[in-house]
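Here is entry.pdb, consisting of PDB, C-alpha atoms:
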```pdb
ATOM      1  CA  MET C   7      23.956   7.916  18.744
ATOM      2  CA  ALA C   8      23.279   4.233  19.331
ATOM      3  CA  GLU C   9      24.589   1.402  17.195
ATOM      4  CA  TYR C  10      22.520  -1.731  16.579
ATOM      5  CA  LYS C  11      23.824  -4.938  15.016
ATOM      6  CA  THR C  12      21.667  -7.802  13.802
ATOM      7  CA  LYS C  13      21.646 -10.757  11.461
ATOM      8  CA  VAL C  14      18.385  -9.519   9.904
ATOM      9  CA  LEU C  15      17.484  -5.845   9.677
ATOM     10  CA  ILE C  16      13.891  -5.190   8.596
ATOM     11  CA  ILE C  17      12.918  -1.753   7.274
ATOM     12  CA  GLY C  18       9.157  -1.169   7.452
ATOM     13  CA  SER C  19       6.303  -2.244   9.691
ATOM     14  CA  GLY C  20       3.352  -3.261   7.528
ATOM     15  CA  PRO C  21       2.159  -6.851   6.962
ATOM     16  CA  ALA C  22       5.342  -7.725   5.048
ATOM     17  CA  GLY C  23       7.685  -6.308   7.675
ATOM     18  CA  TYR C  24       5.938  -7.809  10.696
ATOM     19  CA  THR C  25       5.605 -11.226   9.043
ATOM     20  CA  ALA C  26       9.272 -11.199   8.050
ATOM     21  CA  GLY C  27      10.121 -10.388  11.654
ATOM     22  CA  ILE C  28       7.975 -13.201  13.033
ATOM     23  CA  TYR C  29       9.600 -15.801  10.782
ATOM     24  CA  ALA C  30      13.128 -14.490  11.336
ATOM     25  CA  ALA C  31      12.652 -14.450  15.119
ATOM     26  CA  ARG C  32      11.287 -17.993  15.149
ATOM     27  CA  ALA C  33      14.392 -19.037  13.220
ATOM     28  CA  GLY C  34      16.542 -17.658  16.060
ATOM     29  CA  LEU C  35      17.946 -14.779  13.988
ATOM     30  CA  LYS C  36      17.096 -12.034  16.533
ATOM     31  CA  PRO C  37      15.861  -9.530  13.925
ATOM     32  CA  ILE C  38      15.605  -5.804  14.439
ATOM     33  CA  LEU C  39      12.642  -4.066  12.808
ATOM     34  CA  VAL C  40      12.747  -0.299  12.238
ATOM     35  CA  SER C  41       9.111   0.729  11.970
ATOM     36  CA  GLY C  42       9.391   3.829   9.768
ATOM     37  CA  GLN C  43       7.308   6.976   9.543
ATOM     38  CA  GLN C  44       3.887   5.276   9.479
ATOM     39  CA  ILE C  45       3.851   2.524  12.091
ATOM     40  CA  GLY C  46       1.842  -0.366  10.688
ATOM     41  CA  GLY C  47       1.840   1.048   7.176
ATOM     42  CA  GLN C  48      -1.077   2.062   4.970
ATOM     43  CA  LEU C  49      -3.345  -0.636   6.349
ATOM     44  CA  THR C  50      -3.814   1.372   9.535
ATOM     45  CA  MET C  51      -6.020   3.759   7.516
ATOM     46  CA  THR C  52      -8.477   0.997   6.551
ATOM     47  CA  ASN C  53     -11.584   0.747   8.717
ATOM     48  CA  ASP C  54     -12.868  -2.796   8.157
ATOM     49  CA  ILE C  55     -11.055  -5.763   6.657
ATOM     50  CA  GLU C  56     -13.092  -8.851   5.811
ATOM     51  CA  ASN C  57     -10.687 -10.748   3.555
ATOM     52  CA  PHE C  58      -7.718 -11.421   5.846
ATOM     53  CA  PRO C  59      -7.715 -15.123   6.807
ATOM     54  CA  GLY C  60      -8.427 -15.998  10.421
ATOM     55  CA  PHE C  61     -10.972 -13.292  11.219
ATOM     56  CA  GLU C  62     -14.591 -14.427  11.042
ATOM     57  CA  THR C  63     -15.820 -10.887  11.696
ATOM     58  CA  PRO C  64     -14.400  -7.655  10.231
ATOM     59  CA  VAL C  65     -11.228  -6.327  11.816
ATOM     60  CA  SER C  66      -9.928  -2.789  11.476
ATOM     61  CA  GLY C  67      -6.595  -2.298   9.769
ATOM     62  CA  LEU C  68      -5.265  -0.614  12.899
ATOM     63  CA  GLU C  69      -6.221  -3.580  15.081
ATOM     64  CA  LEU C  70      -4.778  -6.081  12.603
ATOM     65  CA  MET C  71      -1.452  -4.254  12.550
ATOM     66  CA  GLU C  72      -1.411  -3.946  16.350
ATOM     67  CA  ARG C  73      -1.969  -7.707  16.633
ATOM     68  CA  MET C  74       0.846  -8.385  14.153
ATOM     69  CA  ARG C  75       3.132  -6.014  16.059
ATOM     70  CA  ASN C  76       2.343  -7.701  19.388
ATOM     71  CA  GLN C  77       2.877 -11.134  17.868
ATOM     72  CA  ALA C  78       6.240 -10.007  16.519
ATOM     73  CA  LEU C  79       7.231  -8.668  19.935
ATOM     74  CA  ASN C  80       6.080 -11.869  21.647
ATOM     75  CA  VAL C  81       8.294 -14.078  19.464
ATOM     76  CA  GLY C  82      11.334 -11.887  20.030
ATOM     77  CA  VAL C  83      11.480  -9.208  17.319
ATOM     78  CA  GLN C  84      13.199  -6.058  18.547
ATOM     79  CA  ILE C  85      11.027  -3.220  17.213
ATOM     80  CA  ILE C  86      12.447   0.291  17.204
ATOM     81  CA  ASP C  87      10.208   3.215  16.283
ATOM     82  CA  ASP C  88      12.664   5.107  14.146
ATOM     83  CA  MET C  89      13.000   5.995  10.460
ATOM     84  CA  ILE C  90      15.873   5.050   8.174
ATOM     85  CA  THR C  91      17.108   8.085   6.246
ATOM     86  CA  GLU C  92      20.251   6.766   4.535
ATOM     87  CA  VAL C  93      21.502   3.353   3.462
ATOM     88  CA  ASP C  94      24.842   1.970   2.342
ATOM     89  CA  PHE C  95      24.559  -1.401   0.630
ATOM     90  CA  LYS C  96      27.962  -1.250  -1.051
ATOM     91  CA  HIS C  97      29.765  -3.192   1.655
ATOM     92  CA  LYS C  98      28.940  -5.743   4.362
ATOM     93  CA  PRO C  99      27.587  -5.615   6.952
ATOM     94  CA  PHE C 100      25.005  -3.306   5.403
ATOM     95  CA  GLU C 101      24.667   0.040   7.179
ATOM     96  CA  CYS C 102      21.617   2.262   7.639
ATOM     97  CA  ASN C 103      21.473   5.640   9.365
ATOM     98  CA  SER C 104      18.293   6.922  10.955
ATOM     99  CA  GLU C 105      16.358  10.060  11.766
ATOM    100  CA  ASN C 106      17.306   9.632  15.422
ATOM    101  CA  ASN C 107      21.029   9.442  14.513
ATOM    102  CA  ASN C 108      21.186   5.710  15.142
ATOM    103  CA  LEU C 109      23.303   3.335  13.081
ATOM    104  CA  TYR C 110      21.819  -0.032  12.142
ATOM    105  CA  CYS C 111      24.117  -2.755  10.819
ATOM    106  CA  GLY C 112      22.621  -5.880   9.268
ATOM    107  CA  GLU C 113      24.202  -9.006   7.851
ATOM    108  CA  SER C 114      21.048  -9.126   5.731
ATOM    109  CA  VAL C 115      18.298  -6.591   5.085
ATOM    110  CA  ILE C 116      14.603  -7.016   4.301
ATOM    111  CA  ILE C 117      12.998  -3.935   2.777
ATOM    112  CA  ALA C 118       9.253  -3.667   3.449
ATOM    113  CA  THR C 119       8.627   0.056   3.055
ATOM    114  CA  GLY C 120       5.502  -0.438   0.937
ATOM    115  CA  ALA C 121       3.867   1.916  -1.530
ATOM    116  CA  SER C 122       1.679   4.957  -0.953
ATOM    117  CA  ALA C 123      -1.488   5.855  -2.795
ATOM    118  CA  ARG C 124      -1.519   9.083  -4.754
ATOM    119  CA  TRP C 125      -4.260  11.361  -3.468
ATOM    120  CA  LEU C 126      -5.984  14.387  -4.941
ATOM    121  CA  GLY C 127      -4.724  16.656  -2.192
ATOM    122  CA  LEU C 128      -8.103  18.027  -1.126
ATOM    123  CA  GLU C 129      -8.764  18.859   2.512
ATOM    124  CA  SER C 130     -12.208  17.230   2.285
ATOM    125  CA  GLU C 131     -10.644  14.093   0.789
ATOM    126  CA  THR C 132      -8.327  13.789   3.777
ATOM    127  CA  LYS C 133     -11.193  14.395   6.187
ATOM    128  CA  PHE C 134     -13.278  11.503   4.830
ATOM    129  CA  ARG C 135     -10.406   9.105   4.165
ATOM    130  CA  GLY C 136     -11.517   5.811   5.652
ATOM    131  CA  PHE C 137     -15.083   7.115   6.000
ATOM    132  CA  GLY C 138     -16.175   6.837   2.379
ATOM    133  CA  VAL C 139     -12.938   7.743   0.608
ATOM    134  CA  SER C 140     -10.699   4.800  -0.281
ATOM    135  CA  ALA C 141      -7.755   3.971  -2.524
ATOM    136  CA  CYS C 142      -8.513   0.254  -2.777
ATOM    137  CA  ALA C 143     -11.643  -1.126  -4.429
ATOM    138  CA  THR C 144     -10.592  -4.707  -3.723
ATOM    139  CA  CYS C 145     -10.304  -3.884  -0.019
ATOM    140  CA  ASP C 146     -13.462  -1.819   0.429
ATOM    141  CA  GLY C 147     -15.744  -2.435  -2.540
ATOM    142  CA  PHE C 148     -17.822  -5.078  -0.751
ATOM    143  CA  PHE C 149     -19.108  -2.466   1.707
ATOM    144  CA  TYR C 150     -20.851  -0.581  -1.113
ATOM    145  CA  ARG C 151     -23.157  -3.318  -2.290
ATOM    146  CA  ASN C 152     -26.206  -1.783  -4.035
ATOM    147  CA  ARG C 153     -24.913   1.746  -3.399
ATOM    148  CA  ASP C 154     -23.660   4.525  -5.683
ATOM    149  CA  VAL C 155     -19.914   5.021  -5.946
ATOM    150  CA  ALA C 156     -17.421   7.096  -7.914
ATOM    151  CA  VAL C 157     -13.966   6.238  -9.220
ATOM    152  CA  ILE C 158     -11.428   8.971  -9.947
ATOM    153  CA  GLY C 159      -8.894   8.328 -12.719
ATOM    154  CA  GLY C 160      -8.487   7.303 -16.320
ATOM    155  CA  GLY C 161      -5.811   4.635 -16.479
ATOM    156  CA  ASN C 162      -5.891   0.851 -16.241
ATOM    157  CA  THR C 163      -6.288   0.892 -12.454
ATOM    158  CA  ALA C 164      -9.267   3.260 -12.529
ATOM    159  CA  VAL C 165     -11.094   1.405 -15.292
ATOM    160  CA  ASP C 166     -10.354  -1.973 -13.750
ATOM    161  CA  GLU C 167     -11.662  -0.791 -10.363
ATOM    162  CA  ALA C 168     -14.786   0.709 -11.938
ATOM    163  CA  ILE C 169     -15.553  -2.620 -13.619
ATOM    164  CA  TYR C 170     -14.833  -4.510 -10.407
ATOM    165  CA  LEU C 171     -17.071  -2.216  -8.343
ATOM    166  CA  SER C 172     -19.940  -2.602 -10.808
ATOM    167  CA  SER C 173     -20.360  -6.179  -9.575
ATOM    168  CA  PHE C 174     -21.272  -4.806  -6.118
ATOM    169  CA  ALA C 175     -22.533  -1.273  -6.547
ATOM    170  CA  HIS C 176     -25.853   0.030  -7.808
ATOM    171  CA  SER C 177     -23.988   2.466 -10.065
ATOM    172  CA  VAL C 178     -20.425   3.557 -10.764
ATOM    173  CA  THR C 179     -19.428   7.005 -11.994
ATOM    174  CA  LEU C 180     -15.945   7.230 -13.475
ATOM    175  CA  ILE C 181     -14.572  10.771 -13.289
ATOM    176  CA  HIS C 182     -11.735  11.634 -15.669
ATOM    177  CA  ARG C 183     -10.109  14.985 -16.296
ATOM    178  CA  ARG C 184      -9.637  14.372 -20.029
ATOM    179  CA  ASP C 185     -11.919  13.449 -22.936
ATOM    180  CA  SER C 186     -10.318  10.046 -23.504
ATOM    181  CA  LEU C 187      -9.013   7.258 -21.275
ATOM    182  CA  ARG C 188      -5.436   6.047 -20.979
ATOM    183  CA  ALA C 189      -6.518   2.483 -20.187
ATOM    184  CA  ASP C 190      -5.920  -0.476 -22.502
ATOM    185  CA  GLN C 191      -8.393  -0.766 -25.363
ATOM    186  CA  LYS C 192      -9.824  -4.063 -24.114
ATOM    187  CA  LEU C 193     -10.557  -2.540 -20.717
ATOM    188  CA  GLN C 194     -12.182   0.458 -22.361
ATOM    189  CA  GLU C 195     -14.432  -1.825 -24.395
ATOM    190  CA  ARG C 196     -15.521  -3.665 -21.259
ATOM    191  CA  LEU C 197     -16.212  -0.344 -19.582
ATOM    192  CA  GLN C 198     -18.341   0.910 -22.474
ATOM    193  CA  GLU C 199     -20.363  -2.306 -22.518
ATOM    194  CA  ASN C 200     -21.152  -2.101 -18.797
ATOM    195  CA  PRO C 201     -24.592  -0.521 -18.225
ATOM    196  CA  LYS C 202     -23.816   0.288 -14.582
ATOM    197  CA  ILE C 203     -20.896   2.586 -15.405
ATOM    198  CA  HIS C 204     -21.248   6.230 -16.430
ATOM    199  CA  VAL C 205     -18.285   8.453 -17.333
ATOM    200  CA  GLU C 206     -17.987  12.132 -16.471
ATOM    201  CA  TRP C 207     -15.510  13.420 -19.046
ATOM    202  CA  ASN C 208     -13.278  16.494 -18.689
ATOM    203  CA  SER C 209     -14.108  16.661 -15.001
ATOM    204  CA  VAL C 210     -12.154  17.203 -11.801
ATOM    205  CA  VAL C 211     -13.153  16.800  -8.167
ATOM    206  CA  GLU C 212     -13.604  20.036  -6.246
ATOM    207  CA  GLU C 213     -14.909  18.737  -2.932
ATOM    208  CA  VAL C 214     -15.966  15.593  -1.109
ATOM    209  CA  ILE C 215     -19.308  16.146   0.610
ATOM    210  CA  GLY C 216     -20.604  14.295   3.649
ATOM    211  CA  THR C 217     -22.017  14.326   7.140
ATOM    212  CA  GLU C 218     -20.123  15.242  10.291
ATOM    213  CA  ASN C 219     -21.552  12.926  12.927
ATOM    214  CA  PRO C 220     -20.906  10.236  12.010
ATOM    215  CA  LEU C 221     -18.375  11.029   9.279
ATOM    216  CA  SER C 222     -19.855   9.653   6.078
ATOM    217  CA  VAL C 223     -19.679  10.539   2.378
ATOM    218  CA  ASN C 224     -22.928  11.347   0.569
ATOM    219  CA  GLY C 225     -21.836  13.412  -2.411
ATOM    220  CA  LEU C 226     -19.130  14.773  -4.654
ATOM    221  CA  LYS C 227     -18.740  18.207  -6.198
ATOM    222  CA  ILE C 228     -17.137  18.046  -9.647
ATOM    223  CA  LYS C 229     -16.298  20.692 -12.237
ATOM    224  CA  ASN C 230     -16.237  20.328 -16.009
ATOM    225  CA  VAL C 231     -12.946  21.926 -17.056
ATOM    226  CA  LYS C 232     -14.282  22.901 -20.497
ATOM    227  CA  SER C 233     -17.564  24.520 -19.466
ATOM    228  CA  ASP C 234     -16.238  25.595 -16.050
ATOM    229  CA  LYS C 235     -19.576  24.509 -14.582
ATOM    230  CA  SER C 236     -19.799  22.617 -11.307
ATOM    231  CA  LYS C 237     -22.374  20.121 -10.098
ATOM    232  CA  ILE C 238     -22.948  17.758  -7.218
ATOM    233  CA  ILE C 239     -23.453  14.047  -7.773
ATOM    234  CA  LYS C 240     -24.808  11.685  -5.147
ATOM    235  CA  VAL C 241     -22.379   8.954  -4.139
ATOM    236  CA  ASP C 242     -21.841   6.897  -1.004
ATOM    237  CA  GLY C 243     -18.240   5.969  -1.681
ATOM    238  CA  ILE C 244     -15.288   7.435  -3.591
ATOM    239  CA  PHE C 245     -12.329   5.427  -4.853
ATOM    240  CA  ILE C 246      -9.176   7.335  -5.785
ATOM    241  CA  ALA C 247      -7.394   5.433  -8.561
ATOM    242  CA  ILE C 248      -4.717   7.787  -9.833
ATOM    243  CA  GLY C 249      -1.874   5.426  -9.011
ATOM    244  CA  HIS C 250       0.580   4.532  -6.281
ATOM    245  CA  HIS C 251       4.212   5.395  -5.751
ATOM    246  CA  PRO C 252       6.618   2.985  -4.056
ATOM    247  CA  ASN C 253       8.480   4.223  -1.005
ATOM    248  CA  THR C 254      11.877   3.647  -2.574
ATOM    249  CA  GLU C 255      13.463   7.104  -2.763
ATOM    250  CA  LEU C 256      15.892   5.896  -0.114
ATOM    251  CA  PHE C 257      17.179   3.081  -2.345
ATOM    252  CA  LYS C 258      17.909   4.968  -5.574
ATOM    253  CA  ASN C 259      21.509   4.408  -6.686
ATOM    254  CA  GLN C 260      21.639   1.459  -4.278
ATOM    255  CA  LEU C 261      19.279  -1.135  -5.799
ATOM    256  CA  GLU C 262      17.849  -1.852  -9.230
ATOM    257  CA  LEU C 263      14.431  -0.214  -9.613
ATOM    258  CA  ASP C 264      11.974  -0.449 -12.497
ATOM    259  CA  ASN C 265      10.714   2.563 -14.451
ATOM    260  CA  ASP C 266       8.018   3.192 -11.830
ATOM    261  CA  GLY C 267      10.450   3.020  -8.925
ATOM    262  CA  TYR C 268       9.562  -0.453  -7.616
ATOM    263  CA  ILE C 269      12.400  -2.680  -6.438
ATOM    264  CA  ILE C 270      13.232  -5.380  -8.961
ATOM    265  CA  THR C 271      13.471  -8.882  -7.485
ATOM    266  CA  LYS C 272      14.307 -12.204  -9.073
ATOM    267  CA  ALA C 273      11.373 -14.201 -10.447
ATOM    268  CA  GLY C 274       9.621 -16.160  -7.691
ATOM    269  CA  SER C 275      11.877 -14.611  -5.081
ATOM    270  CA  CYS C 276      12.357 -11.567  -2.864
ATOM    271  CA  GLN C 277      16.077 -11.385  -3.707
ATOM    272  CA  THR C 278      17.222  -8.032  -5.103
ATOM    273  CA  ASN C 279      20.261  -7.482  -7.307
ATOM    274  CA  ILE C 280      22.455  -7.420  -4.170
ATOM    275  CA  ASP C 281      22.983 -10.705  -2.334
ATOM    276  CA  GLY C 282      21.633 -10.428   1.192
ATOM    277  CA  ILE C 283      19.173  -7.633   0.399
ATOM    278  CA  PHE C 284      15.544  -8.687   0.030
ATOM    279  CA  ALA C 285      12.363  -6.762  -0.770
ATOM    280  CA  ALA C 286       8.868  -7.807   0.310
ATOM    281  CA  GLY C 287       5.345  -6.510  -0.086
ATOM    282  CA  ASP C 288       4.070  -3.575  -2.116
ATOM    283  CA  VAL C 289       7.549  -2.108  -2.493
ATOM    284  CA  GLN C 290       8.267  -4.829  -5.086
ATOM    285  CA  ASN C 291       4.788  -5.953  -6.112
ATOM    286  CA  PRO C 292       2.608  -3.223  -7.667
ATOM    287  CA  LYS C 293       0.039  -5.654  -9.029
ATOM    288  CA  PHE C 294      -1.974  -6.989  -6.077
ATOM    289  CA  ARG C 295      -1.570  -4.597  -3.112
ATOM    290  CA  GLN C 296      -3.266  -6.932  -0.640
ATOM    291  CA  ALA C 297      -2.283  -7.467   2.994
ATOM    292  CA  VAL C 298      -2.268 -11.250   2.708
ATOM    293  CA  VAL C 299      -0.002 -11.099  -0.361
ATOM    294  CA  ALA C 300       2.385  -8.729   1.424
ATOM    295  CA  ALA C 301       2.448 -11.007   4.473
ATOM    296  CA  GLY C 302       3.230 -13.992   2.254
ATOM    297  CA  SER C 303       6.150 -12.215   0.624
ATOM    298  CA  GLY C 304       7.417 -11.188   4.066
ATOM    299  CA  CYS C 305       7.524 -14.882   4.952
ATOM    300  CA  ILE C 306       9.433 -15.660   1.746
ATOM    301  CA  ALA C 307      11.932 -12.871   2.396
ATOM    302  CA  ALA C 308      12.638 -14.155   5.905
ATOM    303  CA  LEU C 309      13.111 -17.730   4.719
ATOM    304  CA  GLU C 310      15.440 -16.542   1.975
ATOM    305  CA  ALA C 311      17.393 -14.399   4.439
ATOM    306  CA  GLU C 312      17.791 -17.418   6.728
ATOM    307  CA  ARG C 313      19.087 -19.497   3.827
ATOM    308  CA  TYR C 314      21.460 -16.719   2.761
ATOM    309  CA  LEU C 315      22.910 -16.389   6.266
ATOM    310  CA  THR C 316      23.353 -20.167   6.577
ATOM    311  CA  GLU C 317      25.199 -20.325   3.259
ATOM    312  CA  ASN C 318      27.424 -17.363   4.087
ATOM    313  CA  LYS C 319      28.589 -18.186   7.603
TER
END
```
Please go through the file and, once you have read it, give me the structure as structure tokens.
Amino acid sequence: MAEYKTKVLIIGSGPAGYTAGIYAARAGLKPILVSGQQIGGQLTMTNDIENFPGFETPVSGLELMERMRNQALNVGVQIIDDMITEVDFKHKPFECNSENNNLYCGESVIIATGASARWLGLESETKFRGFGVSACATCDGFFYRNRDVAVIGGGNTAVDEAIYLSSFAHSVTLIHRRDSLRADQKLQERLQENPKIHVEWNSVVEEVIGTENPLSVNGLKIKNVKSDKSKIIKVDGIFIAIGHHPNTELFKNQLELDNDGYIITKAGSCQTNIDGIFAAGDVQNPKFRQAVVAAGSGCIAALEAERYLTENK
């Protein structure tokens, strides 16, 4: 077992974690970043990104995260590919144990473990993920201009994404397993007034259909749960909008979480309820889920950690 000590311990390696590392390293804090189970985070599953500043042509999520990782390494971040499995924030320095039986001690901690999309759990869905199956309309909707798409879900996120996609797509089919939506009434009214959106009620997805070479979605098999009849609809893209869950299981009974499990931070800040513990990115911001927003909060967390360490010498 190895023991690592640092002024700033960063848990997570997505845009928030890497950015926090870059800022902390440039401040001379010699941060250690523990990358976690998915190195680079969810963004590594996104094919083309056109809305991250500084890239005049599309960049893959994997390449963007590799560039951030290399930048972090170049400015002095110590990156360890390990996964934190247990934390103790009840005394200082804060202690974290890992999957590889390492002990990490931090005078401050920045949590950037992100949130994960909820998926349907179909083998075909997994196969075409990133090749026509997406969990982010804001990220990928632009690529389906004048094409037919489907949105799966019935809550605010699903309805909001269906409305958003209608500004790009030729048509949007909203597929919901019940006969009524859970979304806010105002959103439902906007949905009903939109001529591009059609709803398939009482329906569940049975299979994502597409081509093998290259991998590409061209259809969706759905079943009406009342009639038990199945049919295939033609779509070029499928957006799963059944929610996200924050990766915060590790921090239960350690930090204040909201009813959905997201880490609660002070208004306009990344500061948690424990001084010296900060949270950045999707793990504390369920609203936007954008790489540039996560990176910005990673910057804030690092600046706040620097201030905290200066004030508590």
Would you translate the PyMOL selection byres ((chain C and resi 272-284) around 9) into the concrete set of residues it matches in this file, as a list of chain:residue names?
->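 This file gives the following for the PyMOL selection byres ((chain C and resi 272-284) around 9): C:Phe95, C:Lys96, C:Phe100, C:Glu113, C:Ser114, C:Val115, C:Ile116, C:Ile117, C:Ala118, C:Gln260, C:Leu261, C:Glu262, C:Ile269, C:Ile270, C:Thr271, C:Ala285, C:Ala286, C:Gln290, C:Ser303, C:Gly304, C:Ile306, C:Ala307, C:Ala308, C:Glu310, C:Ala311, C:Tyr314, C:Leu315.
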Name the closest residue to Trp125 of chain C among the candidates C:Leu309, C:Ile244, C:Asn253, C:Met89; distances are taken between atoms, counting only C-alpha atoms.
->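 Selected residue with least distance to Trp125 of chain C: C:Ile244.
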What gap, in Å, lies between atom CA of Ile45 of chain C and atom CA of Val299 of chain C?
->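 Taking atom CA of Ile45 of chain C and atom CA of Val299 of chain C, their separation equals 18.9 Å.
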Any chance you could work out the residue set of the PyMOL selection byres ((chain C and resi 54-66) around 8) here, as a VMD selection string?
-> chain C and resid 50 52 to 53 67 to 70 145 to 146 297 to 298
For the file shown, what are the residues hit by the PyMOL selection byres ((chain C and resi 164-171) around 7), laid out as a list of chain:residue names?
->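 The output of the PyMOL selection byres ((chain C and resi 164-171) around 7) on this file is C:Ala143, C:Gly147, C:Val157, C:Ile158, C:Gly159, C:Gly160, C:Gly161, C:Asn162, C:Thr163, C:Ser172, C:Ser173, C:Phe174, C:Ala175, C:Val178, C:Leu180, C:Ala189, C:Leu193, C:Leu197, C:Ala247, C:Ile248.
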Once you count all atoms listed in the file, which residues end up no further than 12 Å from (6.4, -12.2, 10.4) in the file's frame, shown as a PyMOL selection string?
-> chain C and resi 16+18-33+37-39+71+73-83+116+118+286-287+298+300-309
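In this structure, atom CA of Asp242 of chain C sits 22.1 Å away from atom CA of Gln48 of chain C.
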Just give me the gap between atom CA of Glu92 of chain C and atom CA of Phe257 of chain C in Å, one decimal is fine.
->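 Between these atoms lies a distance of 8.4 Å.
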Can you report as lines of an AutoDock Vina configuration file the centre and edge lengths in Å, to one decimal, of an axis-aligned box around the listed atoms of segment 52-69 of chain C padded with 6 Å on each side?
```
center_x = -10.5
center_y = -7.5
center_z = 9.3
size_x = 22.6
size_y = 29.0
size_z = 23.5
```
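Considering the residues C:Asn108, C:Asn224, C:Gln44, C:Asn265 and counting all atoms listed in the file, Phe137 of chain C has its shortest atom-to-atom contact with C:Asn224.
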Quick one: everything within 9 Å of Lys237 of chain C, counting all atoms listed in the file, minus sequence neighbours fewer than 4 positions away in the same chain. Send it as a list of chain:residue names.
->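 The neighbour list is C:Leu226, C:Lys227, C:Ile228, C:Lys229, C:Asn230.
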Between C:Pro99, C:Gly112, C:Gly138, C:Gly47, which has the minimum distance to Thr12 of chain C (counting only C-alpha atoms)?
->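 Looking at the shortest contact to Thr12 of chain C, the residue is C:Gly112.
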Minimum-distance residue to Leu221 of chain C, chosen among C:Gln43, C:Gln84, C:Ser130, C:Thr316 (using only C-alpha atoms) =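 The answer is C:Ser130, which sits nearest to Leu221 of chain C.
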For Ile17 of chain C, which residue among C:Asp88, C:Glu72, C:Asp266, C:Glu218 is the nearest when counting only C-alpha atoms?
->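 Of the candidates, the smallest distance to Ile17 of chain C is held by C:Asp88.
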Determine the nearest neighbour of Gly225 of chain C from the options C:His204, C:Lys240, C:Lys11, C:His182, counting all atoms listed in the file.
->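 The shortest atom-to-atom distance to Gly225 of chain C comes from C:Lys240.
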